[in-house]
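Notes for the one structure printed next.
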Amino acid sequence: MSVKLELKTWGNFIGGKWVPSTSGKIKPNINPANAEEILGYFQESSFEDVKNAVESAEKAFYDWKRLPAPNRGKLLVKVMQILEKRKEEVSEALTREEGKSFQESLGEVNKALNTLEFFAGEGRRFYGETIPSELPKNFIYTRREPLGVVALITPWNFPVSIPIWKMAASLICGNTVVLKPSSLTPWTAVLLMEAFREADFPAGVVNCITGSGSVIGDALVKAPEVKAVSFTGSTETGRKLQALAGQHGKPIQLEMGGKNAVIVLNDADLDLAASAAALGAFGSTGQRCTATSRVIVEESALEQFTQKIVEKAKLMSDSLGPCVDENQLKKVLQYIEVGKNEGGKLVCGGHRLKDSKHLKGFYVESTVFSHVTSDMRIAKEEVFGPVLSVLSAKNLSDALKLANGVEYGLSASIFTQDAEKVFEFIDEIEVGMVHINSATIGGEAQVPFGGMKNSGMGGREMGKQALDFFTEWKAVYVDYTGSSRKTNFY
Ligand code: NAP
């Protein structure tokens, strides 16, 4: 389906209404596949907008938290139904503003639908525990309590599913939210707000302010009404926000970068391993936090695997989407230069695509470096583009040492037919998500998502574990000794 593109100026969504920023400033949103195409205009929010949004969320909080959790879930079901009907429209907007293929966009929107379904159900499982007391006729139980207003700061690479998984988890717990989406992907964020509005969410429960994180981010984190912050983005920004949140005594959840490795042992099905590594490295133009950016191959399989991955990379090159913007393109091209200068052997790709089909966008070829060693920057740092480094290992224990020898710990996978080695890998690999004989990418709504080390902290997203960040536990002691109470108990 082709959606008619209306060039529109979108407001902030505050207190259930579309409002312009008090700054009076707007910014165009650009299509990364064609930098000449403007997709719409979005508010450049001010400190005053932050204040208005958090006040609106604070005002809505007490009624929202008193609404029974199953009823909060019913509203999430309505959002899911509205988005289901608009799946193609939202997917097309996502493709136009972020650059991933329409099929990948549909996949992302479907994931958001699954997430809404899962968290709506959590409203009916918003359980505490009963705990035996040391005392007779005493009943102890626990219940979850929402935190209040939460600030959700999200990146551009999954601009539908990440805001949805943060919003669904925080809302089902009874929190109200202020979303600050990436400046590069505000369109999908406002389309999500439309769905919440149409689902009759009470005014102020969900708010969204667009604009630059470096301008309004601090004010949002510091606002006294904001009780917690959930952030997904780069490790650099995450660390800054962690320090700021710490100064203001606020809990912060951080989902950050990755340098995800695939280990290929010499007994692996090399075709399968190369297909999965290519999908992980080049799918979504390598712009996934779980993208494969290193393949660590056992020496005797190295040559054959390298040949196969190069073939797959060449096949995919023409169908890759663009980098999200010019800065990201420059960053990827710089890393390719760094790789060459460090002594990596460029065996495939390495250039910007400039033919007539790609000229107006930020396209780069799928790129493979062989002869990469663990001290090189392309083996350690997150590139966030379609660039894959191939490293060689003597055996599994050497491969594990290489895989774990980076600051990140998001996802990893292994290709082997040896069950003992599979379980050794599961025991020893330092990541939050492990895949066996499949790519490093992907995640399901009911499964905890997130990383270890500098990839994540503050608790997992998705799955029932997501509720832990967005709630406090309240312990309740009920003494029902009544008339048999002994006043001088102790
Ligand atoms: P980013 O530059 O760190 O930005 C993330 C968000 O933070 C954006 O909304 C950004 O706003 C905002 N921001 C920037 N500076 C800020 C500040 N000083 N205060 C408050 N907010 C601020 O990351 P990105 O480039 O959008 O996303 C790519 C990164 O996200 C990669 O590193 C990727 O690995 C990571 N990621 C991780 C996961 C995970 O689950 N682990 C998932 C997806 C992506 P502006 O856009 O206005 O600058």
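Chain identifiers are assigned as A, B, and so on, following the order in which chains appear in the structure tokens; residues are numbered from 1 within each chain, and ligands are numbered from 1 in order of appearance.
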Enumerate residues in contact with ligand 1: an atom-to-atom distance of at most 8 Å, counting only C-alpha atoms and all ligand atoms. Format the result as a PyMOL selection string.
chain A and resi 153-158+162+180-185+210-218+220-221+231-238+240-241+254-258+287-290+382+384+410+449-451+455-456
I need the helix (DSSP H, G or I) residues of region 293-376 of chain A per DSSP on the backbone, written as a PyMOL selection string.
chain A and resi 299-317+326-342
Could you list, with a cut-off of 7 Å and counting only C-alpha atoms, the residues of region 291-389 of chain A near region 30-34 of chain A, each shown with its nearest atom pair and the distance in Å rounded to one decimal, rows sorted by chain and ascending number, as a Markdown table?
| residue | atom | partner | partner_atom | distance |
| --- | --- | --- | --- | --- |
| A:Pro322 | CA | A:Ala33 | CA | 5.7 |
| A:Cys323 | CA | A:Pro32 | CA | 6.9 |
| A:Val324 | CA | A:Pro32 | CA | 5.5 |
| A:Asp325 | CA | A:Pro32 | CA | 5.6 |
| A:Lys360 | CA | A:Asn34 | CA | 4.7 |
| A:Gly361 | CA | A:Ala33 | CA | 4.1 |
| A:Phe362 | CA | A:Pro32 | CA | 6.0 |
Name the residues in contact with Gly246 (chain A) at a cut-off of 12 Å, using only C-alpha atoms, excluding same-chain residues fewer than 4 positions from it; report them as number ranges by chain.
A: 221-222, 227-229, 238-242, 250-253
I need the strand (DSSP E) residues of region 321-359 of chain A per DSSP on the backbone, written as number ranges by chain.
A: 345-348
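Using only C-alpha atoms, the shortest contact distance between Lys354 (chain A) and any of A:Arg124, A:Asp318, A:Leu388, A:Val368 is found at A:Asp318.
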Counting only C-alpha atoms, which residue out of A:Ala245, A:Val372, A:Leu7, A:Ala313 sits closest to Ser230 (chain A)?
A:Ala245
Can you pull out the residues contacting Arg294 (chain A)? Cut-off 10 Å, using only C-alpha atoms, and skip same-chain residues under 5 positions away; I want them as an MDAnalysis selection string.
chainID A and resid 259:263 277 280:281 368:369 372 378:380 387:391 402:403 412
How about saving the chosen residues, C-alpha atoms kept, as a PDB file, in the first residue's frame?
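Below is the file that was written, again-v3.pdb:
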ATOM      1  CA  LYS A 259      30.045  -5.263  19.637  1.00  0.00           C
ATOM      2  CA  ASN A 260      28.354  -8.568  19.068  1.00  0.00           C
ATOM      3  CA  ALA A 261      30.328 -11.628  18.050  1.00  0.00           C
ATOM      4  CA  VAL A 262      29.509 -14.818  16.183  1.00  0.00           C
ATOM      5  CA  ILE A 263      31.850 -17.714  16.940  1.00  0.00           C
ATOM      6  CA  ALA A 277      26.488 -13.599  10.060  1.00  0.00           C
ATOM      7  CA  GLY A 280      23.247 -10.002  11.472  1.00  0.00           C
ATOM      8  CA  ALA A 281      25.932  -7.722  10.027  1.00  0.00           C
ATOM      9  CA  VAL A 368      34.084  -7.093   5.260  1.00  0.00           C
ATOM     10  CA  PHE A 369      37.549  -6.879   6.817  1.00  0.00           C
ATOM     11  CA  VAL A 372      41.468  -8.278  12.032  1.00  0.00           C
ATOM     12  CA  ILE A 378      37.265  -2.044  14.317  1.00  0.00           C
ATOM     13  CA  ALA A 379      37.440  -5.094  16.603  1.00  0.00           C
ATOM     14  CA  LYS A 380      36.564  -3.139  19.756  1.00  0.00           C
ATOM     15  CA  VAL A 387      30.960  -3.325   8.503  1.00  0.00           C
ATOM     16  CA  LEU A 388      32.030  -6.793   9.618  1.00  0.00           C
ATOM     17  CA  SER A 389      35.397  -7.796  11.092  1.00  0.00           C
ATOM     18  CA  VAL A 390      36.626 -11.384  10.739  1.00  0.00           C
ATOM     19  CA  LEU A 391      39.065 -12.600  13.401  1.00  0.00           C
ATOM     20  CA  LEU A 402      38.359 -12.695  22.068  1.00  0.00           C
ATOM     21  CA  ALA A 403      34.559 -12.477  22.222  1.00  0.00           C
ATOM     22  CA  ALA A 412      26.497 -13.348  20.848  1.00  0.00           C
TER      23      ALA A 412
END
8 Å contact set for Pro146 (chain A), only C-alpha atoms, chain neighbours under 2 positions out, as a PyMOL selection string
chain A and resi 65+144+148+173-175+470-472
Skipping near chain neighbours, those fewer than 6 positions away, what residues fall within 8 Å of region 37-52 of chain A using only C-alpha atoms, listed as a ChimeraX atom specification?
/A:5-12,14,20-31,96-97,186-187,209-212,215-216,219-220,223
Which one is closest to Cys208 (chain A): A:Asn138, A:Ser319, A:Ser56, A:Ser275? Count only C-alpha atoms.
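Selected residue with least distance to Cys208 (chain A): A:Ser56.
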Shell of 12 Å around Thr416 (chain A), only C-alpha atoms, local chain residues under 5 positions omitted, as JSON, numbers by chain:
{"A": [262, 263, 264, 265, 266, 267, 268, 269, 270, 272, 273, 297, 298, 301, 395, 396, 421, 422, 423, 424, 425, 435, 436, 437, 438]}
Would you save the residues of that selection, restricted to N, CA, C and O atoms, as a compact mmCIF listing (two decimals), in the first residue's frame?
# COMPACT_ATOMS: atom_id res chain seq x y z
N VAL A 262 29.91 -13.45 16.54
CA VAL A 262 29.51 -14.82 16.18
C VAL A 262 30.78 -15.66 16.23
O VAL A 262 31.79 -15.28 15.63
N ILE A 263 30.72 -16.78 16.94
CA ILE A 263 31.85 -17.71 16.94
C ILE A 263 31.51 -18.85 15.98
O ILE A 263 30.42 -19.42 16.04
N VAL A 264 32.45 -19.15 15.07
CA VAL A 264 32.22 -20.24 14.11
C VAL A 264 33.32 -21.28 14.33
O VAL A 264 34.50 -21.00 14.12
N LEU A 265 32.92 -22.47 14.78
CA LEU A 265 33.91 -23.54 15.01
C LEU A 265 34.04 -24.39 13.74
O LEU A 265 33.17 -24.34 12.85
N ASN A 266 35.12 -25.18 13.69
CA ASN A 266 35.41 -25.84 12.40
C ASN A 266 34.44 -26.95 12.03
O ASN A 266 34.42 -27.40 10.89
N ASP A 267 33.57 -27.39 12.98
CA ASP A 267 32.57 -28.41 12.62
C ASP A 267 31.24 -27.78 12.21
O ASP A 267 30.25 -28.49 12.00
N ALA A 268 31.19 -26.44 12.12
CA ALA A 268 29.90 -25.77 11.86
C ALA A 268 29.47 -25.95 10.41
O ALA A 268 30.30 -26.18 9.52
N ASP A 269 28.17 -25.79 10.20
CA ASP A 269 27.64 -25.69 8.84
C ASP A 269 28.01 -24.28 8.36
O ASP A 269 27.40 -23.28 8.78
N LEU A 270 29.02 -24.19 7.52
CA LEU A 270 29.59 -22.87 7.19
C LEU A 270 28.64 -22.01 6.35
O LEU A 270 28.66 -20.78 6.44
N LEU A 272 25.34 -22.02 6.65
CA LEU A 272 24.38 -21.49 7.63
C LEU A 272 25.03 -20.36 8.44
O LEU A 272 24.44 -19.29 8.63
N ALA A 273 26.26 -20.59 8.87
CA ALA A 273 26.96 -19.59 9.69
C ALA A 273 27.17 -18.30 8.89
O ALA A 273 26.95 -17.19 9.41
N VAL A 297 36.48 -16.98 13.91
CA VAL A 297 36.41 -18.27 13.21
C VAL A 297 37.60 -19.14 13.61
O VAL A 297 38.74 -18.67 13.66
N GLU A 298 37.32 -20.41 13.88
CA GLU A 298 38.40 -21.35 14.21
C GLU A 298 39.31 -21.49 12.98
O GLU A 298 38.82 -21.62 11.84
N ALA A 301 38.78 -23.31 9.61
CA ALA A 301 37.59 -22.98 8.80
C ALA A 301 37.67 -21.55 8.23
O ALA A 301 36.78 -21.12 7.49
N ASN A 395 41.01 -22.02 19.02
CA ASN A 395 40.03 -23.01 19.50
C ASN A 395 38.92 -22.26 20.23
O ASN A 395 38.94 -21.01 20.30
N LEU A 396 37.98 -22.99 20.83
CA LEU A 396 36.85 -22.33 21.50
C LEU A 396 37.32 -21.43 22.64
O LEU A 396 36.82 -20.32 22.79
N LYS A 421 30.43 -28.09 23.49
CA LYS A 421 30.99 -26.74 23.22
C LYS A 421 29.88 -25.69 23.29
O LYS A 421 30.12 -24.56 23.73
N VAL A 422 28.67 -26.07 22.87
CA VAL A 422 27.54 -25.13 22.98
C VAL A 422 27.36 -24.73 24.45
O VAL A 422 27.26 -23.54 24.78
N PHE A 423 27.37 -25.74 25.33
CA PHE A 423 27.11 -25.40 26.74
C PHE A 423 28.30 -24.69 27.39
O PHE A 423 28.12 -23.85 28.27
N GLU A 424 29.49 -24.99 26.94
CA GLU A 424 30.66 -24.25 27.45
C GLU A 424 30.53 -22.77 27.05
O GLU A 424 30.78 -21.86 27.85
N PHE A 425 30.09 -22.56 25.80
CA PHE A 425 29.89 -21.19 25.31
C PHE A 425 28.82 -20.47 26.15
O PHE A 425 29.03 -19.33 26.59
N HIS A 435 22.63 -16.81 21.38
CA HIS A 435 21.97 -17.55 20.29
C HIS A 435 22.84 -18.73 19.89
O HIS A 435 24.06 -18.59 19.78
N ILE A 436 22.18 -19.85 19.64
CA ILE A 436 22.90 -21.06 19.22
C ILE A 436 22.50 -21.38 17.79
O ILE A 436 21.32 -21.57 17.50
N ASN A 437 23.49 -21.43 16.92
CA ASN A 437 23.25 -21.72 15.49
C ASN A 437 22.23 -20.77 14.86
O ASN A 437 21.44 -21.16 14.00
N SER A 438 22.20 -19.52 15.33
CA SER A 438 21.36 -18.50 14.67
C SER A 438 22.02 -17.13 14.88
O SER A 438 22.97 -17.01 15.66
Point-to-point distance in Å for CA of Ser105 (chain A) and CA of Asn327 (chain A)
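CA of Ser105 (chain A) lies at a distance of 22.1 Å from CA of Asn327 (chain A).
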